[in-house]
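S.K.: What follows is the file structure_9.txt, containing compact mmCIF, C-alpha atoms:
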```
# COMPACT_ATOMS: atom_id res chain seq x y z
CA ALA D 3 -6.45 19.35 4.80
CA ALA D 4 -8.62 16.29 4.07
CA LEU D 5 -5.80 13.88 4.92
CA LYS D 6 -5.02 15.77 8.13
CA ALA D 7 -8.69 15.53 9.16
CA ILE D 8 -8.65 11.76 8.58
CA ARG D 9 -5.44 11.39 10.59
CA ASP D 10 -6.82 13.56 13.39
CA GLU D 11 -9.96 11.43 13.52
CA MET D 12 -7.86 8.27 13.88
CA GLY D 13 -6.11 9.75 16.92
CA ASP D 14 -4.49 7.01 19.01
CA CYS D 15 -6.62 4.43 17.24
CA GLN D 16 -7.76 1.52 19.41
CA ARG D 17 -10.47 0.26 17.02
CA CYS D 18 -8.85 -3.20 16.87
CA LYS D 19 -6.55 -5.29 19.07
CA LEU D 20 -3.44 -4.02 17.22
CA GLY D 21 -3.72 -0.63 18.90
CA ALA D 22 -2.54 -2.18 22.15
CA THR D 23 0.59 -3.77 20.65
CA ARG D 24 1.91 -1.18 18.20
CA THR D 25 4.45 1.55 18.89
CA ASN D 26 3.26 4.06 16.26
CA LEU D 27 0.25 4.34 14.02
CA VAL D 28 1.45 4.39 10.40
CA PHE D 29 -0.96 6.60 8.47
CA GLY D 30 1.06 6.86 5.28
CA GLN D 31 2.98 9.70 3.70
CA GLY D 32 3.65 11.51 0.48
CA SER D 33 1.91 14.01 -1.74
CA PRO D 34 -1.77 14.67 -1.01
CA ASN D 35 -2.08 15.56 -4.72
CA SER D 36 -0.34 12.46 -6.00
CA ARG D 37 -1.26 10.89 -9.30
CA LEU D 38 0.05 7.56 -7.92
CA MET D 39 -1.02 5.88 -4.69
CA ILE D 40 0.80 2.77 -3.49
CA ILE D 41 -0.96 0.51 -1.01
CA GLY D 42 0.77 -2.26 0.91
CA GLU D 43 -0.35 -4.71 3.53
CA ALA D 44 0.71 -3.54 7.00
CA PRO D 45 3.57 -1.82 8.78
CA GLY D 46 6.60 -3.92 9.74
CA ALA D 47 8.98 -3.43 12.64
CA ASP D 48 10.88 -0.49 11.08
CA GLU D 49 7.64 1.22 10.08
CA ASP D 50 6.13 0.71 13.55
CA GLU D 51 9.24 2.17 15.14
CA GLN D 52 9.39 5.24 12.85
CA GLY D 53 5.67 5.77 12.20
CA LEU D 54 6.33 5.85 8.42
CA ALA D 55 5.26 3.46 5.66
CA PHE D 56 7.84 1.37 3.78
CA VAL D 57 11.07 2.45 5.44
CA GLY D 58 12.72 -0.96 5.97
CA LYS D 59 14.46 -3.14 3.39
CA ALA D 60 11.24 -3.59 1.39
CA GLY D 61 10.78 0.18 1.52
CA GLN D 62 14.26 0.77 0.15
CA LEU D 63 13.43 -1.51 -2.76
CA LEU D 64 10.10 0.28 -3.24
CA THR D 65 12.00 3.57 -3.47
CA LYS D 66 14.10 2.11 -6.31
CA ILE D 67 10.93 0.90 -8.06
CA ILE D 68 9.39 4.37 -7.80
CA GLU D 69 12.58 6.00 -9.09
CA ALA D 70 12.69 3.53 -12.00
CA ILE D 71 9.45 5.05 -13.32
CA GLY D 72 10.85 8.57 -13.06
CA MET D 73 9.22 9.62 -9.79
CA THR D 74 10.33 10.25 -6.21
CA ARG D 75 8.75 9.04 -2.99
CA ASP D 76 7.66 12.62 -2.28
CA GLU D 77 5.57 12.61 -5.47
CA VAL D 78 3.54 9.53 -4.56
CA PHE D 79 1.36 8.66 -1.58
CA ILE D 80 2.34 5.44 0.19
CA THR D 81 0.15 3.71 2.76
CA ASN D 82 -1.03 0.30 3.93
CA ILE D 83 -4.33 -1.45 4.47
CA LEU D 84 -3.55 -1.73 8.17
CA LYS D 85 -2.28 1.29 10.03
CA SER D 86 -0.86 -0.76 12.94
CA ARG D 87 1.74 -3.53 12.89
CA PRO D 88 0.51 -7.07 13.46
CA PRO D 89 2.70 -8.89 16.03
CA GLN D 90 5.63 -10.75 14.42
CA ASN D 91 4.46 -9.37 11.03
CA ARG D 92 1.72 -11.99 10.85
CA ASN D 93 -0.96 -11.68 8.17
CA PRO D 94 -3.72 -9.13 8.71
CA GLU D 95 -6.91 -10.58 10.16
CA PRO D 96 -10.36 -9.77 8.76
CA ASP D 97 -11.49 -7.76 11.81
CA GLU D 98 -8.31 -5.66 11.65
CA ILE D 99 -8.82 -4.96 7.96
CA LEU D 100 -12.43 -3.94 8.65
CA ALA D 101 -11.32 -1.59 11.45
CA CYS D 102 -8.99 0.28 9.04
CA GLN D 103 -11.10 0.01 5.88
CA GLY D 104 -12.99 3.27 6.26
CA PHE D 105 -9.80 5.24 6.77
CA LEU D 106 -8.16 3.82 3.65
CA ASP D 107 -11.35 4.46 1.67
CA ARG D 108 -11.25 8.07 2.79
CA GLN D 109 -7.52 8.42 2.01
CA ILE D 110 -8.18 7.24 -1.55
CA ASP D 111 -11.18 9.59 -1.87
CA ALA D 112 -9.12 12.54 -0.57
CA ILE D 113 -6.19 11.93 -2.91
CA ARG D 114 -8.11 10.71 -5.99
CA PRO D 115 -4.97 9.30 -7.60
CA ARG D 116 -4.85 8.60 -11.31
CA VAL D 117 -3.51 5.06 -10.62
CA ILE D 118 -3.29 2.78 -7.57
CA VAL D 119 -0.60 0.12 -7.22
CA ALA D 120 -1.65 -2.69 -4.86
CA LEU D 121 1.43 -4.42 -3.45
CA GLY D 122 0.91 -8.09 -2.65
CA LYS D 123 -1.98 -10.38 -1.93
CA PHE D 124 -3.70 -8.52 0.90
CA ALA D 125 -3.65 -5.11 -0.77
CA ALA D 126 -4.80 -6.58 -4.10
CA HIS D 127 -7.60 -8.53 -2.42
CA TRP D 128 -8.82 -5.48 -0.50
CA VAL D 129 -8.64 -2.98 -3.37
CA LEU D 130 -10.07 -5.32 -6.02
CA LYS D 131 -12.55 -7.13 -3.74
CA THR D 132 -11.38 -10.56 -4.86
CA ALA D 133 -9.75 -13.68 -3.44
CA GLU D 134 -7.81 -14.55 -6.63
CA PRO D 135 -4.17 -15.45 -5.98
CA ILE D 136 -1.73 -12.59 -6.53
CA THR D 137 0.02 -14.76 -9.13
CA ARG D 138 -3.15 -14.52 -11.26
CA LEU D 139 -3.93 -10.89 -10.46
CA ARG D 140 -0.42 -9.53 -11.00
CA GLY D 141 -0.09 -7.42 -14.12
CA LYS D 142 -3.83 -7.33 -14.90
CA MET D 143 -5.40 -3.93 -14.46
CA GLY D 144 -8.40 -3.75 -12.19
CA GLU D 145 -10.47 -0.86 -10.90
CA TYR D 146 -11.43 0.72 -7.60
CA LYS D 147 -14.14 3.41 -7.67
CA GLY D 148 -13.22 4.20 -11.27
CA ILE D 149 -9.47 4.39 -10.52
CA PRO D 150 -7.23 1.93 -12.42
CA VAL D 151 -5.45 -0.52 -10.11
CA MET D 152 -2.26 -2.42 -10.91
CA PRO D 153 -1.81 -5.42 -8.63
CA THR D 154 1.82 -6.52 -8.37
CA TYR D 155 4.19 -8.33 -6.07
CA HIS D 156 5.15 -6.84 -2.72
CA PRO D 157 8.77 -5.65 -2.39
CA ALA D 158 9.24 -8.04 0.57
CA TYR D 159 8.42 -10.91 -1.82
CA LEU D 160 10.96 -9.54 -4.30
CA LEU D 161 13.64 -9.60 -1.60
CA ARG D 162 12.95 -13.32 -1.16
CA THR D 163 12.38 -14.00 -4.88
CA PRO D 164 14.60 -11.67 -6.93
CA SER D 165 13.59 -13.41 -10.18
CA ALA D 166 10.12 -11.79 -9.85
CA LYS D 167 11.59 -8.26 -10.17
CA LYS D 168 11.27 -8.44 -13.96
CA GLU D 169 7.49 -8.88 -13.70
CA VAL D 170 7.15 -5.94 -11.32
CA CYS D 171 9.27 -3.89 -13.73
CA GLU D 172 6.82 -4.71 -16.53
CA ASP D 173 3.85 -3.77 -14.31
CA MET D 174 5.42 -0.46 -13.37
CA LYS D 175 6.13 0.39 -17.02
CA VAL D 176 2.38 0.09 -17.61
CA VAL D 177 1.73 2.36 -14.60
CA ARG D 178 4.27 4.91 -15.89
CA GLY D 179 2.51 4.95 -19.27
CA MET D 180 -0.85 5.57 -17.58
CA LEU D 181 0.58 8.45 -15.58
CA GLN D 182 1.97 10.10 -18.73
CA ASP D 183 -1.36 10.17 -20.59
```
Could you express the structure from this file as structure tokens?
M.R.:
Amino acid sequence: AALKAIRDEMGDCQRCKLGATRTNLVFGQGSPNSRLMIIGEAPGADEDEQGLAFVGKAGQLLTKIIEAIGMTRDEVFITNILKSRPPQNRNPEPDEILACQGFLDRQIDAIRPRVIVALGKFAAHWVLKTAEPITRLRGKMGEYKGIPVMPTYHPAYLLRTPSAKKEVCEDMKVVRGMLQD
């Protein structure tokens, strides 16, 4: 009910310039009672078209990562910092992040996951309130409002740099252990 109220409040969001260029708002999906919340950067072309988070090639890899820790996509909640696709998948801009920030805050508060996984630089920076490079943040637990946060590489990066999959695997083993406590 809390997530539905947040989504209803967003409506056809036009709080930033991305509202005019997107096809669908991508709120996120999964279990509202999830112990694991995964936060990415922004919707891509496939996500914008379908209105769902992580459904393209990076999303298919994310599904395999989730399954590797013994969970299904339905058991986790997956969302992004931005709820609208930036043109040509460019990086999120500060004003766009600020426009969506309150909604993501409220999604986290509504779900109260046991662990958050921040995928990539922008998600890690937002959740951990830092500007440290993802290469330094990756694998080091942080915290958001008392919730442990695991920053790790984004699946899109793994598609370009398959050698980094081992590090993400290690990070997700830590997450799996935290979820089993």
S.K.: Extract, using only C-alpha atoms, all DNA, RNA and protein residues at most 10 Å from Ile80 in chain D, discarding same-chain residues fewer than 6 positions from it, and format them as a compact mmCIF listing (two decimals) with C-alpha atoms, keeping the file's coordinate frame.
M.R.:
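Ended up saving to around_34.txt:
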```txt
# COMPACT_ATOMS: atom_id res chain seq x y z
CA PHE D 29 -0.96 6.60 8.47
CA GLY D 30 1.06 6.86 5.28
CA GLN D 31 2.98 9.70 3.70
CA GLY D 32 3.65 11.51 0.48
CA SER D 33 1.91 14.01 -1.74
CA SER D 36 -0.34 12.46 -6.00
CA LEU D 38 0.05 7.56 -7.92
CA MET D 39 -1.02 5.88 -4.69
CA ILE D 40 0.80 2.77 -3.49
CA ILE D 41 -0.96 0.51 -1.01
CA GLY D 42 0.77 -2.26 0.91
CA LEU D 54 6.33 5.85 8.42
CA ALA D 55 5.26 3.46 5.66
CA PHE D 56 7.84 1.37 3.78
CA LEU D 64 10.10 0.28 -3.24
CA ILE D 118 -3.29 2.78 -7.57
CA VAL D 119 -0.60 0.12 -7.22
```
S.K.: Residues within 10 Å of Arg92 in chain D, please, as a count of residues only. Count all atoms listed in the file; anything in the same chain fewer than 3 positions from it doesn't count.
M.R.: 6
S.K.: With range 141-165 of chain D as the partner and 10 Å as the cut-off, tabulate the residues of range 44-66 of chain D that qualify, each row holding the nearest pair of atoms and their distance in Å to one decimal, using all atoms listed in the file, sorted by chain and rising number, as a tab-separated table.
M.R.:
```
residue	atom	partner	partner_atom	distance
D:Phe56	CA	D:Pro157	CA	9.4
D:Gly58	CA	D:Ala158	CA	9.6
D:Lys59	CA	D:Ala158	CA	7.7
D:Ala60	CA	D:Ala158	CA	4.9
D:Gly61	CA	D:Pro157	CA	7.3
D:Gln62	CA	D:Pro157	CA	8.8
D:Leu63	CA	D:Pro157	CA	6.2
D:Leu64	CA	D:Pro157	CA	6.1
D:Thr65	CA	D:Pro157	CA	9.8
```
S.K.: Measuring atom to atom with only C-alpha atoms, identify which of D:Glu49, D:Glu43, D:Asp107, D:Glu172 is nearest to Asn93 in chain D.
M.R.: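 Counting only C-alpha atoms, the residue closest to Asn93 in chain D is D:Glu43.
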S.K.: Write out as a PyMOL selection string each polymer residue whose atoms come within 12 Å of Ala4 in chain D, counting all atoms listed in the file; drop sequence neighbours fewer than 4 positions from it.
M.R.: chain D and resi 8-11+34-35+105+108-114
S.K.: Can you work out the spacing between CA of Arg116 in chain D and CA of Thr74 in chain D in Å, to one decimal?
M.R.: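 Spanning CA of Arg116 in chain D to CA of Thr74 in chain D is a straight-line distance of 16.1 Å.
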S.K.: Fewer than 6 positions away in the same chain doesn't count, so skip those; otherwise give me all residues within 12 Å of Ser86 in chain D, counting all atoms listed in the file, as a VMD selection string.
M.R.: chain D and resid 12 14 to 30 43 to 55 92 to 95 98 to 99 101 to 102
S.K.: For Cys171 in chain D, which of D:Lys85, D:Arg37, D:Lys123, D:Arg140 is the closest residue, counting all atoms listed in the file?
M.R.: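 Comparing D:Lys85, D:Arg37, D:Lys123, D:Arg140 against Cys171 in chain D, the winner is D:Arg140.
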S.K.: Calculate how many Å separate CA of Pro115 in chain D from CA of Leu84 in chain D, rounding to one decimal.
M.R.: 19.3 Å
S.K.: Calculate how many Å separate CA of Arg178 in chain D from CA of Ile71 in chain D, rounding to one decimal.
M.R.: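 For CA of Arg178 in chain D relative to CA of Ile71 in chain D, the distance reads 5.8 Å.
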